Amino acid sequence: MIVCTATLLFILLIFTPIRIKIDAKIFPATLRADMQATVLGIKVFDETARLCGKNIICNGTVETELDITQLNKGGEANLIKCITVDKIFVSLQNNLSNVSAQAILAENIICALITGVACGITNCQIASNVLVCSGESRACFQVAVSVNVAELSFFLLKQGVQLWMRK
(Lines give C-alpha, C1' and ligand atoms only; values in the text may rest on other atoms or scores of the structure.)
Protein backbone atom coordinates (compact mmCIF):
# COMPACT_ATOMS: atom_id res chain seq x y z
CA MET A 1 0.00 0.00 0.00
CA ILE A 2 2.85 2.40 0.82
CA VAL A 3 4.54 1.63 -2.49
CA CYS A 4 1.31 2.34 -4.40
CA THR A 5 0.81 5.64 -2.57
CA ALA A 6 4.41 6.71 -3.18
CA THR A 7 4.10 5.76 -6.86
CA LEU A 8 0.87 7.73 -7.24
CA LEU A 9 2.42 10.79 -5.55
CA PHE A 10 5.48 10.54 -7.82
CA ILE A 11 3.27 10.30 -10.94
CA LEU A 12 1.19 13.25 -9.71
CA LEU A 13 4.31 15.39 -9.30
CA ILE A 14 5.66 14.36 -12.70
CA PHE A 15 2.46 15.21 -14.59
CA THR A 16 1.44 18.32 -12.63
CA PRO A 17 1.68 21.36 -14.92
CA ILE A 18 4.01 24.20 -14.03
CA ARG A 19 2.15 27.44 -14.77
CA ILE A 20 4.13 30.42 -16.03
CA LYS A 21 2.69 33.92 -16.55
CA ILE A 22 4.55 36.09 -19.07
CA ASP A 23 3.95 39.85 -19.27
CA ALA A 24 5.43 41.71 -22.24
CA LYS A 25 5.30 45.31 -23.42
CA ILE A 26 6.46 46.10 -26.94
CA PHE A 27 7.32 49.69 -27.86
CA PRO A 28 7.44 49.86 -31.70
CA ALA A 29 8.71 53.46 -31.88
CA THR A 30 11.91 52.68 -29.94
CA LEU A 31 12.20 49.00 -31.02
CA ARG A 32 12.21 47.87 -27.38
CA ALA A 33 10.46 45.12 -25.41
CA ASP A 34 10.11 44.64 -21.66
CA MET A 35 9.35 41.08 -20.49
CA GLN A 36 8.68 39.49 -17.11
CA ALA A 37 7.92 35.86 -16.25
CA THR A 38 6.48 34.67 -12.94
CA VAL A 39 5.95 31.20 -11.51
CA LEU A 40 3.57 30.99 -8.53
CA GLY A 41 3.81 34.77 -8.12
CA ILE A 42 7.63 34.71 -7.92
CA LYS A 43 9.44 36.71 -10.59
CA VAL A 44 11.91 34.40 -12.33
CA PHE A 45 12.73 36.46 -15.43
CA ASP A 46 12.91 40.22 -16.00
CA GLU A 47 14.38 41.36 -19.28
CA THR A 48 14.60 44.41 -21.51
CA ALA A 49 15.49 43.72 -25.14
CA ARG A 50 16.10 46.29 -27.84
CA LEU A 51 16.90 45.97 -31.50
CA CYS A 52 20.12 47.64 -32.62
CA GLY A 53 20.95 46.97 -36.26
CA LYS A 54 21.00 43.19 -36.72
CA ASN A 55 21.58 42.53 -33.02
CA ILE A 56 19.18 42.13 -30.10
CA ILE A 57 20.71 43.59 -26.95
CA CYS A 58 19.30 42.06 -23.74
CA ASN A 59 19.62 43.69 -20.31
CA GLY A 60 18.20 42.22 -17.12
CA THR A 61 18.24 38.60 -16.02
CA VAL A 62 20.28 37.61 -19.08
CA GLU A 63 22.94 40.06 -20.22
CA THR A 64 23.71 39.13 -23.81
CA GLU A 65 23.75 40.24 -27.42
CA LEU A 66 22.13 38.02 -30.07
CA ASP A 67 22.66 38.10 -33.81
CA ILE A 68 19.27 37.90 -35.57
CA THR A 69 20.71 36.12 -38.61
CA GLN A 70 21.80 33.13 -36.47
CA LEU A 71 18.64 32.67 -34.35
CA ASN A 72 16.67 30.19 -36.50
CA LYS A 73 18.59 27.04 -37.34
CA GLY A 74 16.33 24.52 -39.05
CA GLY A 75 17.88 21.25 -37.80
CA GLU A 76 17.51 21.80 -34.05
CA ALA A 77 14.73 20.45 -31.83
CA ASN A 78 12.22 23.02 -30.62
CA LEU A 79 11.50 23.49 -26.89
CA ILE A 80 8.31 25.40 -27.72
CA LYS A 81 6.59 22.08 -28.55
CA CYS A 82 6.57 21.26 -24.80
CA ILE A 83 4.66 24.43 -23.88
CA THR A 84 0.84 24.62 -23.75
CA VAL A 85 -0.69 28.09 -24.14
CA ASP A 86 -3.64 28.51 -21.76
CA LYS A 87 -4.57 32.22 -21.99
CA ILE A 88 -3.60 35.20 -24.13
CA PHE A 89 -4.56 38.82 -23.47
CA VAL A 90 -3.51 41.54 -25.93
CA SER A 91 -3.89 45.26 -25.28
CA LEU A 92 -3.00 47.82 -27.94
CA GLN A 93 -2.38 51.19 -26.30
CA ASN A 94 -2.12 54.15 -28.67
CA ASN A 95 -0.96 57.65 -27.89
CA LEU A 96 -4.03 59.86 -28.21
CA SER A 97 -2.09 62.72 -29.81
CA ASN A 98 -0.68 60.51 -32.62
CA VAL A 99 -3.71 58.40 -33.57
CA SER A 100 -7.15 59.51 -34.73
CA ALA A 101 -10.43 58.23 -33.29
CA GLN A 102 -11.26 56.49 -36.59
CA ALA A 103 -8.00 54.54 -36.46
CA ILE A 104 -8.73 53.42 -32.88
CA LEU A 105 -12.23 52.32 -33.94
CA ALA A 106 -10.78 50.39 -36.90
CA GLU A 107 -8.21 48.73 -34.59
CA ASN A 108 -11.02 47.75 -32.19
CA ILE A 109 -13.01 46.14 -35.01
CA ILE A 110 -9.98 44.31 -36.39
CA CYS A 111 -8.96 43.08 -32.92
CA ALA A 112 -12.51 41.84 -32.26
CA LEU A 113 -12.59 39.92 -35.55
CA ILE A 114 -9.14 38.39 -35.02
CA THR A 115 -9.99 37.45 -31.43
CA GLY A 116 -13.26 35.81 -32.51
CA VAL A 117 -11.58 33.77 -35.23
CA ALA A 118 -8.66 32.80 -32.97
CA CYS A 119 -11.03 31.66 -30.19
CA GLY A 120 -12.90 29.56 -32.72
CA ILE A 121 -9.85 27.67 -34.01
CA THR A 122 -7.75 27.33 -30.83
CA ASN A 123 -8.26 25.73 -27.47
CA CYS A 124 -7.16 28.66 -25.30
CA GLN A 125 -8.77 31.75 -23.84
CA ILE A 126 -8.04 34.85 -25.94
CA ALA A 127 -9.02 38.46 -25.20
CA SER A 128 -8.03 41.81 -26.67
CA ASN A 129 -8.76 45.50 -26.32
CA VAL A 130 -7.65 48.82 -27.78
CA LEU A 131 -7.04 51.77 -25.45
CA VAL A 132 -5.67 55.28 -25.61
CA CYS A 133 -2.83 56.43 -23.40
CA SER A 134 -0.88 59.61 -22.83
CA GLY A 135 2.59 58.02 -23.00
CA GLU A 136 4.41 56.14 -25.71
CA SER A 137 2.29 53.83 -27.92
CA ARG A 138 2.76 50.17 -27.03
CA ALA A 139 1.36 46.67 -27.34
CA CYS A 140 0.97 44.76 -24.08
CA PHE A 141 0.68 40.99 -23.91
CA GLN A 142 -0.12 38.70 -21.02
CA VAL A 143 0.34 35.02 -21.77
CA ALA A 144 -0.31 32.13 -19.37
CA VAL A 145 1.48 28.95 -20.39
CA SER A 146 2.00 25.59 -18.73
CA VAL A 147 4.50 22.79 -19.08
CA ASN A 148 4.67 19.52 -17.19
CA VAL A 149 7.84 17.98 -15.85
CA ALA A 150 7.44 14.69 -17.73
CA GLU A 151 7.15 16.32 -21.15
CA LEU A 152 10.04 18.69 -20.44
CA SER A 153 12.20 15.82 -19.12
CA PHE A 154 11.45 13.71 -22.20
CA PHE A 155 12.41 16.61 -24.49
CA LEU A 156 15.68 17.25 -22.63
CA LEU A 157 16.50 13.53 -22.64
CA LYS A 158 15.82 13.35 -26.39
CA GLN A 159 17.99 16.45 -26.96
CA GLY A 160 20.81 14.93 -24.88
CA VAL A 161 20.68 11.66 -26.82
CA GLN A 162 20.81 13.56 -30.13
CA LEU A 163 23.85 15.54 -28.97
CA TRP A 164 25.54 12.37 -27.70
CA MET A 165 24.91 10.54 -30.99
CA ARG A 166 26.53 13.40 -32.96
CA LYS A 167 29.79 12.98 -31.03
# chains A, B, ... in the order shown; residues from 1 in each chain; ligands from 1
>>> residues_around(residues="Cys140 (chain A)", least_positions_apart="3", cutoff="9 Å", atoms="only C-alpha atoms", output="list in words")
Asp23, Ala24, Lys25, Ile26, Phe27, Phe89, Val90, Ser91, Leu92 and Gln93 of chain A
>>> residues_around(residues="Glu107 (chain A)", least_positions_apart="2", cutoff="12 Å", atoms="only C-alpha atoms", output="PyMOL selection string")
chain A and resi 91-94+99-105+109-115+128-132
>>> residues_around(residues="Ala49 (chain A)", least_positions_apart="5", cutoff="7 Å", atoms="only C-alpha atoms", output="list in words")
Arg32, Ala33, Asp34, Ile56, Ile57, Cys58 and Asn59 of chain A
>>> select_by_dssp(residues="region 57-161 of chain A", states="strand (DSSP E or B)", output="MDAnalysis selection string")
chainID A and resid 57:60 64:67 84:95 125:133 138:148
>>> select_by_dssp(residues="region 5-163 of chain A", states="alpha helix (DSSP H)", output="VMD selection string")
chain A and resid 5 to 15 101 to 121 149 to 163
>>> closest_residue(among="A:Ala144, A:Ile88, A:Ile11, A:Ala106", to="Val39 (chain A)", atoms="only C-alpha atoms")
A:Ala144
